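Everything below belongs to entry.txt, which stores compact mmCIF, C-alpha atoms.
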# COMPACT_ATOMS: atom_id res chain seq x y z
CA MET A 1 -14.37 -34.08 -0.52
CA SER A 2 -11.48 -31.65 -0.75
CA ARG A 3 -9.03 -31.29 2.08
CA ARG A 4 -8.42 -27.95 3.65
CA THR A 5 -4.81 -26.97 4.04
CA LEU A 6 -3.75 -24.61 6.78
CA HIS A 7 -1.73 -21.74 5.38
CA LEU A 8 -0.07 -18.88 7.20
CA PRO A 9 -1.36 -15.44 6.20
CA SER A 10 0.65 -13.96 3.34
CA TRP A 11 1.33 -10.87 5.46
CA LEU A 12 2.89 -12.98 8.23
CA PRO A 13 6.00 -14.55 6.71
CA VAL A 14 7.65 -17.01 9.07
CA ASP A 15 11.08 -17.65 7.64
CA PRO A 16 11.64 -21.44 7.46
CA TYR A 17 15.25 -20.78 8.32
CA ILE A 18 14.15 -19.21 11.61
CA LEU A 19 12.34 -22.47 12.37
CA ALA A 20 15.57 -24.34 11.63
CA LEU A 21 17.46 -21.99 13.95
CA LEU A 22 14.91 -22.55 16.71
CA GLY A 23 15.20 -26.30 16.19
CA THR A 24 18.97 -26.00 16.50
CA VAL A 25 18.55 -24.06 19.73
CA GLY A 26 16.24 -26.80 21.03
CA LEU A 27 18.80 -29.45 20.11
CA ALA A 28 21.52 -27.54 21.96
CA ALA A 29 19.24 -27.27 25.00
CA LEU A 30 18.50 -31.01 25.04
CA LEU A 31 21.90 -32.32 23.87
CA PRO A 32 24.55 -29.65 24.43
CA ALA A 33 28.07 -30.44 23.29
CA SER A 34 30.45 -30.75 26.22
CA GLY A 35 33.94 -32.04 26.89
CA ALA A 36 35.65 -33.51 23.83
CA ALA A 37 32.49 -33.05 21.76
CA ALA A 38 32.54 -29.32 22.57
CA ASP A 39 36.16 -29.08 21.37
CA ILE A 40 35.25 -30.79 18.11
CA ALA A 41 32.17 -28.60 17.63
CA GLY A 42 34.19 -25.47 18.43
CA GLY A 43 36.84 -26.36 15.85
CA ALA A 44 34.20 -27.12 13.25
CA SER A 45 32.45 -23.84 14.04
CA THR A 46 35.67 -21.88 13.59
CA GLY A 47 36.24 -23.52 10.21
CA ALA A 48 32.62 -22.89 9.21
CA VAL A 49 32.92 -19.16 10.00
CA ALA A 50 36.10 -18.88 7.92
CA LEU A 51 34.40 -20.74 5.05
CA LEU A 52 31.38 -18.43 5.21
CA PHE A 53 33.43 -15.28 4.81
CA PHE A 54 35.64 -16.84 2.16
CA LEU A 55 32.50 -17.50 0.12
CA TYR A 56 31.23 -13.98 0.80
CA GLY A 57 34.44 -12.55 -0.59
CA ALA A 58 34.48 -14.86 -3.60
CA ARG A 59 30.90 -13.93 -4.54
CA LEU A 60 31.15 -10.16 -4.25
CA SER A 61 31.63 -8.67 -7.69
CA THR A 62 34.15 -5.86 -7.54
CA ARG A 63 32.86 -4.49 -10.85
CA GLU A 64 29.29 -4.23 -9.54
CA ALA A 65 30.51 -2.48 -6.41
CA VAL A 66 32.47 0.07 -8.46
CA ASP A 67 29.50 0.66 -10.78
CA GLY A 68 27.27 1.26 -7.80
CA LEU A 69 29.46 4.11 -6.55
CA ARG A 70 27.70 6.40 -9.03
CA HIS A 71 24.75 6.56 -6.60
CA TRP A 72 27.01 7.50 -3.72
CA ARG A 73 24.50 9.73 -1.87
CA LEU A 74 22.09 6.83 -1.46
CA HIS A 75 24.80 4.47 -0.27
CA LEU A 76 26.13 6.97 2.25
CA THR A 77 22.59 7.43 3.56
CA VAL A 78 22.18 3.67 4.07
CA LEU A 79 25.60 3.39 5.70
CA GLY A 80 24.73 6.31 7.97
CA ALA A 81 21.50 4.62 9.04
CA THR A 82 23.24 1.26 9.59
CA PHE A 83 26.42 2.31 11.36
CA LEU A 84 25.50 5.68 12.88
CA ALA A 85 21.76 5.98 13.62
CA PHE A 86 21.38 2.37 14.78
CA PRO A 87 24.35 2.52 17.21
CA LEU A 88 23.13 5.85 18.62
CA LEU A 89 19.72 4.33 19.36
CA GLY A 90 21.46 1.32 20.88
CA LEU A 91 23.45 3.57 23.19
CA ALA A 92 20.26 5.41 24.14
CA ALA A 93 18.80 2.08 25.27
CA ARG A 94 21.54 1.75 27.91
CA SER A 95 19.21 3.47 30.38
CA LEU A 96 17.09 0.27 30.32
CA GLU A 97 19.91 -1.72 31.94
CA PRO A 98 19.51 -3.41 34.39
CA LEU A 99 15.88 -2.46 35.11
CA ALA A 100 14.38 -3.91 31.90
CA LEU A 101 17.31 -5.71 30.26
CA THR A 102 20.09 -7.76 31.79
CA PRO A 103 23.67 -6.71 30.93
CA GLN A 104 23.96 -9.70 28.60
CA LEU A 105 20.73 -8.86 26.76
CA TYR A 106 21.73 -5.22 26.46
CA SER A 107 25.11 -6.24 25.04
CA GLY A 108 23.27 -8.34 22.48
CA LEU A 109 20.93 -5.44 21.67
CA LEU A 110 23.85 -3.07 21.21
CA PHE A 111 25.66 -5.65 19.07
CA LEU A 112 22.51 -5.97 16.94
CA CYS A 113 22.79 -2.23 16.24
CA LEU A 114 26.36 -2.67 14.97
CA VAL A 115 25.99 -5.45 12.40
CA PRO A 116 25.60 -4.66 8.67
CA SER A 117 22.41 -4.64 6.66
CA THR A 118 20.99 -7.61 4.80
CA VAL A 119 21.29 -8.13 1.06
CA GLN A 120 18.68 -10.72 0.07
CA SER A 121 15.66 -9.45 2.01
CA SER A 122 16.46 -5.80 1.22
CA ILE A 123 16.43 -6.62 -2.48
CA ALA A 124 13.29 -8.75 -2.21
CA PHE A 125 11.24 -6.15 -0.34
CA THR A 126 12.49 -3.31 -2.55
CA SER A 127 11.40 -5.29 -5.59
CA ILE A 128 7.95 -6.02 -4.13
CA ALA A 129 7.47 -2.34 -3.27
CA ARG A 130 8.58 -1.28 -6.79
CA GLY A 131 11.63 0.57 -5.58
CA ASN A 132 15.15 1.02 -6.93
CA VAL A 133 16.35 -2.61 -6.96
CA PRO A 134 19.88 -1.96 -8.38
CA ALA A 135 20.43 0.61 -5.62
CA ALA A 136 19.27 -1.92 -2.99
CA ILE A 137 21.70 -4.51 -4.37
CA CYS A 138 24.65 -2.12 -4.20
CA ALA A 139 23.64 -0.65 -0.83
CA GLY A 140 23.32 -4.10 0.75
CA SER A 141 26.64 -5.21 -0.72
CA PHE A 142 28.44 -2.08 0.47
CA SER A 143 26.96 -2.47 3.94
CA SER A 144 28.10 -6.10 4.16
CA LEU A 145 31.57 -5.18 2.97
CA ALA A 146 31.85 -2.22 5.35
CA GLY A 147 30.54 -4.34 8.23
CA ILE A 148 33.53 -6.66 8.09
CA VAL A 149 35.66 -3.70 9.19
CA LEU A 150 33.23 -1.34 10.94
CA THR A 151 31.37 -3.88 13.10
CA PRO A 152 34.51 -5.10 14.95
CA LEU A 153 35.79 -1.54 15.31
CA LEU A 154 32.47 -0.29 16.69
CA ALA A 155 32.29 -3.33 18.98
CA ALA A 156 35.75 -2.51 20.31
CA LEU A 157 34.66 1.07 20.94
CA LEU A 158 31.16 0.52 22.37
CA LEU A 159 31.12 -2.99 23.85
CA GLY A 160 34.32 -2.75 25.85
CA GLY A 161 32.56 -1.68 29.04
CA THR A 162 29.21 -3.44 28.64
CA GLY A 163 30.21 -6.97 29.51
CA GLY A 164 30.49 -8.05 25.91
CA GLY A 165 33.86 -9.62 26.47
CA PHE A 166 35.51 -7.74 23.62
CA SER A 167 39.29 -7.53 23.76
CA ALA A 168 42.37 -7.22 21.57
CA ASP A 169 42.32 -11.02 21.29
CA SER A 170 38.77 -10.85 19.94
CA LEU A 171 39.88 -8.28 17.37
CA LEU A 172 42.69 -10.58 16.26
CA LYS A 173 40.21 -13.45 15.94
CA ILE A 174 37.95 -11.23 13.81
CA VAL A 175 40.86 -10.46 11.49
CA LEU A 176 41.96 -14.09 11.19
CA GLN A 177 38.52 -15.70 10.96
CA LEU A 178 36.61 -13.06 8.99
CA LEU A 179 38.77 -10.52 7.21
CA VAL A 180 41.58 -12.81 6.00
CA PRO A 181 39.19 -15.41 4.48
CA PHE A 182 37.14 -12.62 2.90
CA LEU A 183 40.21 -11.09 1.25
CA ALA A 184 41.33 -14.55 0.12
CA GLY A 185 37.94 -15.06 -1.51
CA GLN A 186 38.25 -11.72 -3.31
CA LEU A 187 41.73 -12.61 -4.59
CA LEU A 188 40.61 -16.04 -5.85
CA ARG A 189 37.30 -14.86 -7.29
CA ARG A 190 38.79 -14.60 -10.76
CA TRP A 191 39.40 -18.35 -10.85
CA ILE A 192 36.56 -19.75 -8.75
CA GLY A 193 33.77 -17.23 -9.40
CA GLY A 194 32.32 -19.26 -12.28
CA PHE A 195 32.27 -22.45 -10.21
CA LEU A 196 30.48 -20.68 -7.36
CA LEU A 197 27.90 -19.26 -9.76
CA ARG A 198 27.19 -22.68 -11.29
CA HIS A 199 26.73 -24.25 -7.85
CA LYS A 200 24.97 -21.33 -6.20
CA LYS A 201 22.08 -23.40 -4.86
CA ALA A 202 24.27 -26.09 -3.29
CA LEU A 203 26.58 -23.50 -1.74
CA GLY A 204 23.55 -21.75 -0.27
CA HIS A 205 22.92 -24.91 1.76
CA VAL A 206 26.57 -24.81 2.86
CA ASP A 207 26.09 -21.23 4.06
CA ARG A 208 23.00 -22.00 6.08
CA GLY A 209 24.36 -25.26 7.43
CA SER A 210 27.49 -23.46 8.61
CA ILE A 211 25.43 -20.87 10.47
CA LEU A 212 23.36 -23.62 12.11
CA LEU A 213 26.60 -25.19 13.33
CA VAL A 214 27.70 -21.83 14.74
CA VAL A 215 24.36 -21.45 16.55
CA TYR A 216 24.53 -24.98 17.97
CA THR A 217 28.04 -24.42 19.28
CA ALA A 218 27.19 -21.04 20.83
CA PHE A 219 24.03 -22.26 22.54
CA SER A 220 25.76 -25.42 23.75
CA GLU A 221 28.41 -23.30 25.43
CA GLY A 222 25.66 -21.18 26.96
CA MET A 223 23.84 -24.23 28.32
CA VAL A 224 27.01 -25.65 29.84
CA ALA A 225 27.85 -22.26 31.40
CA GLY A 226 24.28 -21.89 32.72
CA VAL A 227 23.71 -18.43 31.21
CA TRP A 228 20.07 -19.17 30.33
CA HIS A 229 19.07 -19.26 33.97
CA ARG A 230 19.53 -15.49 33.97
CA VAL A 231 16.91 -14.84 31.23
CA THR A 232 13.29 -14.71 32.40
CA PRO A 233 10.08 -14.45 30.31
CA LEU A 234 9.60 -10.92 31.63
CA ARG A 235 13.03 -9.91 30.34
CA LEU A 236 12.26 -11.45 26.95
CA GLY A 237 9.00 -9.52 26.78
CA ALA A 238 10.85 -6.28 27.56
CA LEU A 239 13.40 -7.12 24.86
CA LEU A 240 10.67 -7.64 22.26
CA LEU A 241 9.09 -4.30 23.15
CA VAL A 242 12.42 -2.47 22.91
CA GLU A 243 13.16 -4.08 19.55
CA ALA A 244 9.72 -3.17 18.20
CA LEU A 245 10.35 0.46 19.13
CA LEU A 246 13.84 0.30 17.59
CA LEU A 247 12.51 -1.06 14.30
CA ALA A 248 9.68 1.49 14.19
CA ALA A 249 12.14 4.34 14.80
CA MET A 250 14.47 3.19 12.01
CA LEU A 251 11.66 2.62 9.53
CA ALA A 252 10.38 6.14 10.16
CA LEU A 253 13.84 7.69 10.11
CA THR A 254 14.88 6.06 6.83
CA TRP A 255 11.58 6.89 5.08
CA TYR A 256 11.05 10.49 6.17
CA GLY A 257 14.75 11.29 6.47
CA ALA A 258 15.31 10.20 2.86
CA LYS A 259 12.44 12.47 1.82
CA ARG A 260 14.04 15.43 3.58
CA LEU A 261 17.29 14.66 1.76
CA GLY A 262 15.51 15.00 -1.57
CA PHE A 263 15.38 11.36 -2.71
CA GLY A 264 12.60 10.19 -5.01
CA ARG A 265 10.08 7.50 -4.13
CA GLU A 266 12.01 4.55 -5.60
CA ASP A 267 15.23 5.57 -3.86
CA ARG A 268 13.38 6.13 -0.57
CA ILE A 269 12.06 2.56 -0.74
CA ALA A 270 15.57 1.17 -1.24
CA ILE A 271 16.89 3.32 1.62
CA GLN A 272 14.12 2.26 3.97
CA PHE A 273 14.51 -1.47 3.40
CA ALA A 274 18.32 -1.50 3.25
CA GLY A 275 18.79 0.98 6.09
CA SER A 276 16.39 -0.56 8.63
CA LYS A 277 17.58 -4.17 8.49
CA LYS A 278 20.24 -6.21 10.19
CA SER A 279 21.95 -9.30 8.81
CA LEU A 280 21.52 -12.54 10.73
CA ALA A 281 23.97 -14.31 8.41
CA ALA A 282 26.77 -11.81 9.11
CA GLY A 283 25.93 -11.16 12.75
CA LEU A 284 25.84 -14.72 14.09
CA PRO A 285 29.40 -15.68 13.08
CA MET A 286 30.76 -12.38 14.39
CA ALA A 287 28.95 -12.84 17.70
CA SER A 288 30.40 -16.32 18.13
CA VAL A 289 33.88 -14.81 17.86
CA LEU A 290 33.21 -11.76 20.03
CA PHE A 291 31.18 -13.21 22.90
CA GLY A 292 32.34 -16.81 23.34
CA ALA A 293 30.22 -18.62 25.94
CA GLN A 294 27.96 -15.55 26.24
CA ALA A 295 27.08 -15.70 22.52
CA SER A 296 23.90 -17.72 23.12
CA VAL A 297 22.29 -14.78 24.92
CA ALA A 298 24.05 -12.13 22.85
CA VAL A 299 22.62 -13.41 19.55
CA LEU A 300 19.07 -13.69 20.90
CA PRO A 301 18.19 -10.03 20.20
CA LEU A 302 19.48 -10.40 16.63
CA MET A 303 17.45 -13.57 16.01
CA LEU A 304 14.25 -11.97 17.32
CA PHE A 305 14.86 -8.73 15.41
CA HIS A 306 15.48 -10.67 12.20
CA GLN A 307 12.06 -12.33 12.27
CA MET A 308 10.36 -9.11 13.38
CA GLN A 309 11.84 -7.13 10.49
CA LEU A 310 10.71 -9.77 7.98
CA MET A 311 7.13 -9.67 9.24
CA VAL A 312 6.84 -5.89 9.43
CA CYS A 313 8.65 -5.12 6.19
CA ALA A 314 6.53 -7.64 4.27
CA VAL A 315 3.44 -5.65 5.24
CA ILE A 316 5.11 -2.33 4.35
CA ALA A 317 6.39 -3.60 1.00
CA LYS A 318 2.95 -4.73 -0.11
CA ARG A 319 1.45 -1.43 0.99
CA ARG A 320 4.09 0.49 -0.98
CA ALA A 321 3.27 -1.66 -4.02
CA ARG A 322 -0.43 -0.81 -3.72
CA ASP A 323 0.41 2.87 -3.32
CA ALA A 324 2.49 2.73 -6.49
CA VAL A 325 -0.48 1.37 -8.41
CA THR A 326 -3.12 3.69 -6.98
CA GLY A 327 -0.90 6.78 -6.79
CA VAL A 328 0.06 6.82 -10.46
CA PRO A 329 -2.96 7.11 -12.71
CA PHE A 330 -3.24 4.67 -15.54
CA PRO A 331 -3.15 6.18 -19.01
CA GLN A 332 -6.63 7.17 -20.02
CA PRO A 333 -7.85 6.87 -23.58
CA ALA A 334 -7.97 10.17 -25.41
CA PRO A 335 -11.46 11.63 -25.57
CA ALA A 336 -13.17 11.17 -28.87
CA ARG A 337 -13.16 14.24 -30.98
CA THR A 338 -16.46 15.60 -32.13
CA VAL A 339 -16.45 16.19 -35.82
CA ALA A 340 -18.74 19.02 -36.79
CA ALA A 341 -21.24 18.19 -39.44
CA PRO A 342 -20.71 20.03 -42.70
CA ARG A 343 -22.88 23.04 -43.10
CA ALA A 344 -25.55 22.94 -45.69
CA PRO A 345 -24.70 25.10 -48.67
Target encoding structure tokens, full file:
Amino acid sequence: MSRRTLHLPSWLPVDPYILALLGTVGLAALLPASGAAADIAGGASTGAVALLFFLYGARLSTREAVDGLRHWRLHLTVLGATFLAFPLLGLAARSLEPLALTPQLYSGLLFLCLVPSTVQSSIAFTSIARGNVPAAICAGSFSSLAGIVLTPLLAALLLGGTGGGFSADSLLKIVLQLLVPFLAGQLLRRWIGGFLLRHKKALGHVDRGSILLVVYTAFSEGMVAGVWHRVTPLRLGALLLVEALLLAAMLALTWYGAKRLGFGREDRIAIQFAGSKKSLAAGLPMASVLFGAQASVAVLPLMLFHQMQLMVCAVIAKRRARDAVTGVPFPQPAPARTVAAPRAP
């Protein structure tokens, strides 16, 4: 007798890493770091963030980035969606504070709108949907690179009066913990790039483990400070609804806006998936620097949005793939020619 195995529907991808993040949050809730342990965890978290961005810089191929500049209209469109349209929608949501969202949740929602796009999931969904994969690679890379500079600058401009805790000291921390390691990685890429490529899988675990450490430290600080007592299930439900509307608006804007700009189908797919996403890997370390003890609540909108975008975009990508198959007719065999019989003499 065969055993039945329970599988999640293919259209409902639950990222295993999200489960690991939730487990880390649970650990921080049950066993938060405090006192000397908090100091040790904070120091380790700072080092982990610097290591993350050093590796980001060492992996980014300058040659690929320069080659991708040839499709500059597409990249500017993605950057406009990521760092202009998203922040404008985030500012429009300010009217929901404090009726639907607490100041801390709104700060997190606005911060979500400022972080760069993803690279891996944008490429994966563009590939599934049969879009322009090289353009998605370059667009995601450019967005990540621009985010190192633009996200702190936009945070300084927009989060200063929203309770985000941004200050000149935070900007200095961003430069020292994110920008300096990134530039160091770029400078040393010539000598260590081959090593990183050979150990790509192992270093991927280092990346994710570092982010888990950042999450544990942030949520531990939040538990010790008691910030979670200010978040109710009703507020979380309102946050999910707002984020669903935000994602729907950006998916529509990137798809139909790209059409109005004259892009073809494959480019529109790359623009939609690269321009409607936000990077959890880049956003969490930045939030830990910007928000301090408030980071546990501030990163919650980003964590929820990340899983939501994976689920929704998986459905859209498969639909685009089906449309590509059904919309382009398969070559039909040429009709047989009728050869007239020779006339009788």
With range 303-313 of chain A as the partner and 12 Å as the cut-off, tabulate the residues of range 152-253 of chain A that qualify, each row holding the nearest pair of atoms and their distance in Å to one decimal, using all atoms listed in the file, sorted by chain and rising number, as JSON lines.
{"residue": "A:Val215", "atom": "CA", "partner": "A:Met303", "partner_atom": "CA", "distance": 10.5}
{"residue": "A:Leu236", "atom": "CA", "partner": "A:Leu304", "partner_atom": "CA", "distance": 9.8}
{"residue": "A:Gly237", "atom": "CA", "partner": "A:Leu304", "partner_atom": "CA", "distance": 11.1}
{"residue": "A:Leu239", "atom": "CA", "partner": "A:Leu304", "partner_atom": "CA", "distance": 9.0}
{"residue": "A:Leu240", "atom": "CA", "partner": "A:Leu304", "partner_atom": "CA", "distance": 7.5}
{"residue": "A:Leu241", "atom": "CA", "partner": "A:Phe305", "partner_atom": "CA", "distance": 10.6}
{"residue": "A:Val242", "atom": "CA", "partner": "A:Phe305", "partner_atom": "CA", "distance": 10.1}
{"residue": "A:Glu243", "atom": "CA", "partner": "A:Phe305", "partner_atom": "CA", "distance": 6.5}
{"residue": "A:Ala244", "atom": "CA", "partner": "A:Met308", "partner_atom": "CA", "distance": 7.7}
{"residue": "A:Leu245", "atom": "CA", "partner": "A:Phe305", "partner_atom": "CA", "distance": 10.9}
{"residue": "A:Leu246", "atom": "CA", "partner": "A:Phe305", "partner_atom": "CA", "distance": 9.3}
{"residue": "A:Leu247", "atom": "CA", "partner": "A:Gln309", "partner_atom": "CA", "distance": 7.2}
{"residue": "A:Ala248", "atom": "CA", "partner": "A:Val312", "partner_atom": "CA", "distance": 9.2}
{"residue": "A:Met250", "atom": "CA", "partner": "A:Gln309", "partner_atom": "CA", "distance": 10.8}
{"residue": "A:Leu251", "atom": "CA", "partner": "A:Cys313", "partner_atom": "CA", "distance": 9.0}
Open item on the list: Need to verify the contact set: Asp207 in chain A, 12 Å, only C-alpha atoms, exclusion of same-chain residues closer than 3 positions in sequence. Can you return it as a PyMOL selection string?
Closed with: chain A and resi 17+48-56+200-204+210-214+280-282+284-285
Open item on the list: Quick check, in Å to one decimal: how far apart do CA of Thr24 in chain A and CA of Ser45 in chain A lie?
Closed with: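 It comes out at 13.9 Å.
Proximity ranking of A:Arg265, A:Arg235, A:His205, A:Lys278 relative to Glu97 in chain A places A:Arg235 first, based on only C-alpha atoms.
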Listing only residues of range 246-276 of chain A within 12 Å of range 142-162 of chain A, what is the closest atom pair and its distance in Å (to one decimal) for each, using all atoms listed in the file, sorted by chain and residue number ascending, as a tab-separated table?
residue	atom	partner	partner_atom	distance
A:Ile271	CA	A:Ser143	CA	11.8
A:Ala274	CA	A:Ser143	CA	8.7
A:Gly275	CA	A:Ser143	CA	9.1
A:Ser276	CA	A:Ser143	CA	11.7
Kindly save the residues from that selection, with C-alpha atoms included, as a CSV table (one decimal), in the coordinates of the input.
chain,number,residue,atom,x,y,z
A,271,ILE,CA,16.9,3.3,1.6
A,274,ALA,CA,18.3,-1.5,3.2
A,275,GLY,CA,18.8,1.0,6.1
A,276,SER,CA,16.4,-0.6,8.6
Taking all atoms of range 198-201 of chain A that appear in the file, build a box with edges along x, y and z, extend it by 8 Å on every side, and state its centre and edge lengths in Å to one decimal, as JSON.
{"center_x": 24.6, "center_y": -22.8, "center_z": -8.1, "size_x": 21.1, "size_y": 18.9, "size_z": 22.4}
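Among the candidate residues A:Tyr216, A:Val289, A:Lys173, A:Ser117, the one lying nearest to Ala37 in chain A is A:Tyr216, with distances computed using only C-alpha atoms.
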Open item on the list: Quick check, in Å to one decimal: how far apart do CA of Ser296 in chain A and CA of Thr217 in chain A lie?
Closed with: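 Going from CA of Ser296 in chain A over to CA of Thr217 in chain A, I get 8.8 Å.
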- [ ] Fewer than 3 positions away in the same chain doesn't count, so skip those; otherwise give me all residues within 10 Å of Thr77 in chain A, counting all atoms listed in the file, as number ranges by chain.
- [x] A: 72-74, 80-82, 84, 139, 254, 257-258, 261, 271-272, 274-275
Open item on the list: So that I can see what lies close to Phe83 in chain A, please list as a list in words the residues with an atom at most 7 Å from it, counting only C-alpha atoms and leaving out residues fewer than 4 positions away in the same chain.
Closed with: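 My reading of the contact set: Leu79, Pro87 and Leu114 of chain A.
Relative to CA of Met223 in chain A, CA of Leu91 in chain A is found at 28.3 Å.
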Identify, on the basis of all atoms listed in the file, every residue whose closest approach to Ala321 in chain A does not exceed 12 Å; exclude the query and any residue fewer than 6 positions from it along the same chain; express the result as a PDB file with C-alpha atoms, keeping the file's coordinate frame.
ATOM      1  CA  PHE A 125      11.240  -6.150  -0.340  1.00  0.00           C
ATOM      2  CA  THR A 126      12.490  -3.310  -2.550  1.00  0.00           C
ATOM      3  CA  SER A 127      11.400  -5.290  -5.590  1.00  0.00           C
ATOM      4  CA  ILE A 128       7.950  -6.020  -4.130  1.00  0.00           C
ATOM      5  CA  ALA A 129       7.470  -2.340  -3.270  1.00  0.00           C
ATOM      6  CA  ARG A 130       8.580  -1.280  -6.790  1.00  0.00           C
ATOM      7  CA  GLY A 131      11.630   0.570  -5.580  1.00  0.00           C
ATOM      8  CA  ARG A 265      10.080   7.500  -4.130  1.00  0.00           C
ATOM      9  CA  GLU A 266      12.010   4.550  -5.600  1.00  0.00           C
ATOM     10  CA  ILE A 269      12.060   2.560  -0.740  1.00  0.00           C
ATOM     11  CA  ALA A 314       6.530  -7.640   4.270  1.00  0.00           C
ATOM     12  CA  VAL A 315       3.440  -5.650   5.240  1.00  0.00           C
ATOM     13  CA  GLY A 327      -0.900   6.780  -6.790  1.00  0.00           C
ATOM     14  CA  VAL A 328       0.060   6.820 -10.460  1.00  0.00           C
TER      15      VAL A 328
END
Open item on the list: Within 9 Å of (26.8, -8.9, 25.7) in the file's own coordinates, which protein, DNA or RNA residues have an atom, counting all atoms listed in the file? List them as a VMD selection string.
Closed with: chain A and resid 103 to 111 159 162 to 165 291 294 to 295 297 to 299
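Considering the residues A:Ala28, A:Ala317, A:Ala249, A:Leu290 and counting only C-alpha atoms, Leu89 in chain A has its shortest atom-to-atom contact with A:Ala249.
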Open item on the list: Counting all atoms listed in the file, which residue out of A:Leu88, A:Ala58, A:Leu21, A:Leu253 sits closest to Leu197 in chain A?
Closed with: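 Answer, going by the shortest atom-to-atom distance: A:Ala58.
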Open item on the list: Let me make sure I understand: among A:Ala20, A:Leu96, A:Leu172, A:Ala33, which one has the smallest atom-to-atom distance to Gly222 in chain A if we use only C-alpha atoms?
Closed with: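 Result for the nearest residue to Gly222 in chain A: A:Ala33.
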Task: Best match for closeness to Met286 in chain A among A:Gly57, A:Pro98, A:Gly43, A:Pro116, counting all atoms listed in the file - done: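 Answer, going by the shortest atom-to-atom distance: A:Pro116.
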